[in-house]
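One file, protein-v7.cif, is given below (mmCIF, C-alpha atoms).
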data_input
loop_
_atom_site.label_atom_id
_atom_site.label_comp_id
_atom_site.auth_asym_id
_atom_site.auth_seq_id
_atom_site.Cartn_x
_atom_site.Cartn_y
_atom_site.Cartn_z
CA MET A 1 6.37 103.62 7.19
CA PRO A 2 8.79 106.38 8.26
CA VAL A 3 12.49 105.97 7.54
CA HIS A 4 14.55 105.42 10.70
CA PRO A 5 16.35 108.70 11.64
CA ASP A 6 19.76 106.95 11.64
CA LEU A 7 19.35 106.41 7.88
CA GLU A 8 19.18 110.11 7.02
CA PRO A 9 22.71 110.20 5.49
CA ILE A 10 21.88 107.34 3.07
CA ALA A 11 18.14 107.86 2.56
CA PHE A 12 18.87 109.27 -0.93
CA LEU A 13 19.54 105.66 -2.01
CA LEU A 14 15.98 104.48 -1.30
CA GLY A 15 14.03 103.22 -4.29
CA ARG A 16 14.69 101.30 -7.48
CA TRP A 17 17.50 102.27 -9.85
CA GLU A 18 18.14 101.03 -13.40
CA GLY A 19 20.85 101.68 -15.93
CA ALA A 20 23.91 100.37 -17.68
CA GLY A 21 27.64 100.20 -17.23
CA VAL A 22 30.93 98.76 -18.36
CA GLY A 23 33.12 96.09 -16.88
CA GLY A 24 36.49 94.50 -17.40
CA TYR A 25 39.50 93.10 -15.60
CA PRO A 26 42.97 91.99 -16.67
CA THR A 27 41.79 88.35 -16.63
CA ILE A 28 38.57 88.84 -18.69
CA GLU A 29 37.31 90.65 -21.79
CA SER A 30 35.57 94.00 -21.41
CA PHE A 31 31.76 93.93 -21.43
CA ASN A 32 28.64 96.09 -21.20
CA PHE A 33 25.97 95.29 -18.64
CA GLY A 34 22.55 96.36 -17.48
CA GLN A 35 21.71 96.68 -13.82
CA GLU A 36 18.82 97.03 -11.42
CA ILE A 37 19.37 97.96 -7.76
CA GLU A 38 16.68 98.23 -5.13
CA PHE A 39 17.14 99.83 -1.71
CA GLY A 40 14.29 99.37 0.75
CA HIS A 41 13.58 99.78 4.46
CA ASN A 42 11.21 98.48 7.12
CA GLY A 43 11.54 101.28 9.68
CA LYS A 44 14.62 99.77 11.35
CA PRO A 45 18.11 101.36 11.17
CA PHE A 46 19.26 99.59 7.97
CA LEU A 47 18.49 99.52 4.26
CA THR A 48 17.82 96.29 2.41
CA TYR A 49 19.75 95.95 -0.84
CA VAL A 50 19.44 93.75 -3.94
CA SER A 51 21.42 94.16 -7.16
CA ARG A 52 21.01 92.20 -10.40
CA THR A 53 23.13 92.56 -13.53
CA TRP A 54 22.94 91.08 -17.01
CA LEU A 55 25.21 91.04 -20.05
CA LEU A 56 24.20 93.41 -22.86
CA ASP A 57 25.02 92.91 -26.53
CA GLN A 58 26.27 95.76 -28.74
CA ASP A 59 22.66 96.85 -29.39
CA GLY A 60 21.83 97.00 -25.66
CA ASN A 61 19.75 93.79 -25.60
CA ARG A 62 19.89 91.43 -22.62
CA VAL A 63 22.01 88.37 -23.38
CA LYS A 64 22.29 86.48 -20.06
CA PRO A 65 22.30 87.06 -16.29
CA LEU A 66 25.58 88.13 -14.68
CA ALA A 67 26.15 88.87 -11.00
CA THR A 68 23.60 89.27 -8.25
CA GLU A 69 24.15 90.31 -4.64
CA SER A 70 22.03 91.14 -1.65
CA GLY A 71 22.56 92.52 1.80
CA TYR A 72 22.12 95.33 4.28
CA TRP A 73 23.43 98.89 4.54
CA ARG A 74 23.77 99.98 8.20
CA ALA A 75 24.30 103.66 8.94
CA GLN A 76 26.50 104.34 11.97
CA PRO A 77 27.22 107.49 14.02
CA ASP A 78 29.35 110.25 12.48
CA ARG A 79 28.25 109.36 8.93
CA GLN A 80 30.04 106.00 9.08
CA LEU A 81 28.56 103.08 7.17
CA GLU A 82 28.70 99.27 7.32
CA VAL A 83 27.57 97.20 4.34
CA LEU A 84 27.06 93.42 4.46
CA LEU A 85 26.84 91.66 1.07
CA ALA A 86 26.30 88.03 0.08
CA HIS A 87 26.89 86.57 -3.38
CA PRO A 88 25.61 83.22 -4.72
CA THR A 89 29.16 82.52 -5.97
CA GLY A 90 30.27 81.72 -2.42
CA VAL A 91 31.55 85.14 -1.30
CA VAL A 92 30.43 87.22 1.67
CA GLU A 93 31.80 90.75 2.21
CA ILE A 94 31.69 93.35 4.96
CA TYR A 95 32.47 96.87 3.79
CA VAL A 96 33.14 99.88 6.01
CA GLY A 97 33.26 103.49 4.96
CA GLU A 98 31.72 106.89 5.21
CA VAL A 99 29.09 109.11 3.70
CA VAL A 100 29.98 112.69 2.75
CA PHE A 101 26.91 114.52 1.44
CA HIS A 102 25.78 112.24 -1.43
CA LYS A 103 29.09 110.41 -1.84
CA ILE A 104 29.82 107.01 -0.29
CA ASP A 105 33.31 105.50 -0.10
CA LEU A 106 33.52 101.85 1.02
CA GLN A 107 36.37 99.37 1.46
CA THR A 108 36.21 95.72 2.46
CA ASP A 109 36.95 94.96 6.08
CA VAL A 110 36.26 91.23 5.74
CA VAL A 111 36.00 88.90 2.74
CA ALA A 112 35.01 85.27 3.32
CA ARG A 113 34.82 82.63 0.57
CA THR A 114 33.67 79.07 0.30
CA THR A 115 36.19 76.49 -0.91
CA THR A 116 34.60 76.56 -4.38
CA ALA A 117 34.55 80.37 -4.79
CA LYS A 118 37.06 82.11 -7.07
CA GLU A 119 39.93 83.90 -5.36
CA TYR A 120 38.81 87.36 -4.30
CA THR A 121 40.57 89.25 -1.50
CA ALA A 122 39.38 92.89 -1.39
CA GLY A 123 37.04 95.47 -2.86
CA ARG A 124 36.48 99.20 -2.94
CA ARG A 125 33.21 100.82 -3.98
CA LEU A 126 32.37 104.45 -4.62
CA TYR A 127 28.77 105.61 -4.95
CA GLY A 128 27.59 109.12 -5.70
CA LEU A 129 24.48 111.03 -6.62
CA VAL A 130 25.29 113.16 -9.68
CA LYS A 131 22.54 115.27 -11.26
CA GLY A 132 19.94 112.92 -9.81
CA ASN A 133 21.60 109.75 -11.11
CA LEU A 134 23.33 107.13 -8.99
CA MET A 135 26.85 106.55 -10.26
CA TRP A 136 29.15 103.89 -8.85
CA ALA A 137 32.55 102.32 -9.45
CA TYR A 138 33.97 99.07 -8.13
CA ASP A 139 37.62 98.04 -7.84
CA MET A 140 38.53 94.49 -6.83
CA ALA A 141 41.58 92.47 -5.88
CA ALA A 142 41.27 88.96 -7.28
CA MET A 143 43.18 86.21 -9.06
CA GLY A 144 46.47 87.43 -7.57
CA ARG A 145 45.98 91.03 -8.74
CA PRO A 146 45.89 94.17 -6.55
CA LEU A 147 42.84 96.47 -6.41
CA THR A 148 42.02 97.14 -10.06
CA SER A 149 39.07 98.81 -11.75
CA HIS A 150 36.39 96.21 -12.51
CA MET A 151 32.94 97.78 -13.07
CA SER A 152 31.14 101.11 -13.13
CA ALA A 153 27.62 102.23 -14.01
CA GLU A 154 25.15 105.09 -14.13
CA LEU A 155 21.63 104.38 -12.88
CA LYS A 156 18.42 106.40 -13.03
CA LYS A 157 15.79 106.28 -10.30
CA VAL A 158 12.67 104.52 -11.56
CA GLY A 159 10.66 103.95 -8.41
#
Please re-express this file's structure in structure tokens.
Amino acid sequence: MPVHPDLEPIAFLLGRWEGAGVGGYPTIESFNFGQEIEFGHNGKPFLTYVSRTWLLDQDGNRVKPLATESGYWRAQPDRQLEVLLAHPTGVVEIYVGEVVFHKIDLQTDVVARTTTAKEYTAGRRLYGLVKGNLMWAYDMAAMGRPLTSHMSAELKKVG
């Protein structure tokens, strides 16, 4: 099925990506994680998105599941982008941003939480294609802290 023409600026994301990264925050210990992201499409003007992460031990073995999120990436005119994400921890986010070549810069526009979700108020995500690999970094504002580096990873396309 052909990719919708509106998706041209973000079509480089399509496929399955796997790799590893590092995480930390002032309120938790640093950790290493593995990740799998899949971007798909059905011919309409959005990408489907699913991300799964798991804790890695010092030898790179999977220890336990970590975060998962799913949603939609909606390309807009003038290389603008809207991203809608849902988390099973009771958080829903809407990001807005722009695409410049193979670099994506996103900031939260809306964060909604259930009464049982941990305090989380804002996020910023950077994605970029570097030498064929998808690299990303995520800053978050949570637990009374301002936007602070939380996670980053480098992923290779596998499908």
> Which residues come within 12 Å of Leu126 in chain A, counting only C-alpha atoms, excluding same-chain residues fewer than 5 positions away, as a list of chain:residue names?
Replying inline: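 Within the cut-off, the hits are A:Tyr95, A:Val96, A:Gly97, A:Glu98, A:Val99, A:Val100, A:His102, A:Lys103, A:Ile104, A:Asp105, A:Leu106, A:Gln107, A:Thr108, A:Leu134, A:Met135, A:Trp136, A:Ala137, A:Tyr138, A:Asp139, A:Met140, A:Ser149, A:Met151, A:Ser152, A:Ala153, A:Glu154.
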Kindly provide the residues of range 36-134 of chain A that approach range 19-25 of chain A to within 10 Å, each paired with its closest atom pair and their distance in Å to one decimal, based on all atoms listed in the file, listed by chain and increasing number, as CSV.
residue,atom,partner,partner_atom,distance
A:Glu36,CA,A:Gly19,CA,6.8
A:Ile37,CA,A:Gly19,CA,9.1
A:Thr53,CA,A:Ala20,CA,8.9
A:Trp54,CA,A:Ala20,CA,9.4
A:Leu55,CA,A:Ala20,CA,9.7
A:Leu56,CA,A:Ala20,CA,8.7
A:Gly60,CA,A:Ala20,CA,8.9
A:Asn133,CA,A:Gly19,CA,9.4
A:Leu134,CA,A:Gly19,CA,9.2
> How far is it from CA of Tyr49 in chain A to CA of Asp109 in chain A, in Å with one decimal?
Replying inline: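 So the answer is 18.6 Å.
Nearest residue to Val63 in chain A, choosing from A:Lys118, A:Glu18, A:Phe31, A:Tyr127 and counting only C-alpha atoms: A:Phe31.
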>> Quick check, in Å to one decimal: how far apart do CA of Glu93 in chain A and CA of Ser30 in chain A lie?
In response: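 Going from CA of Glu93 in chain A over to CA of Ser30 in chain A, I get 24.1 Å.
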>> Please report the interatomic distance between CA of Pro77 in chain A and CA of Leu13 in chain A in Å with one decimal.
In response: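 CA of Pro77 in chain A sits 17.9 Å away from CA of Leu13 in chain A.
Here the PyMOL selection byres ((chain A and resi 5) around 12) catches exactly these residues: Pro2, Val3, His4, Asp6, Leu7, Glu8, Pro9, Ile10, Ala11, His41, Gly43, Lys44, Pro45, Phe46, Leu47, Arg74, Ala75, Gln76 and Pro77 of chain A.
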> Counting all atoms listed in the file, what is within 9 Å of Thr89 in chain A, bar same-chain residues fewer than 4 positions away, as a PyMOL selection string?
Replying inline: chain A and resi 67+113-114+116-118
>> Please list as a PyMOL selection string every residue within 9 Å of Glu119 in chain A, counting all atoms listed in the file and excluding residues in the same chain fewer than 2 positions away.
In response: chain A and resi 113+117+121+141-144
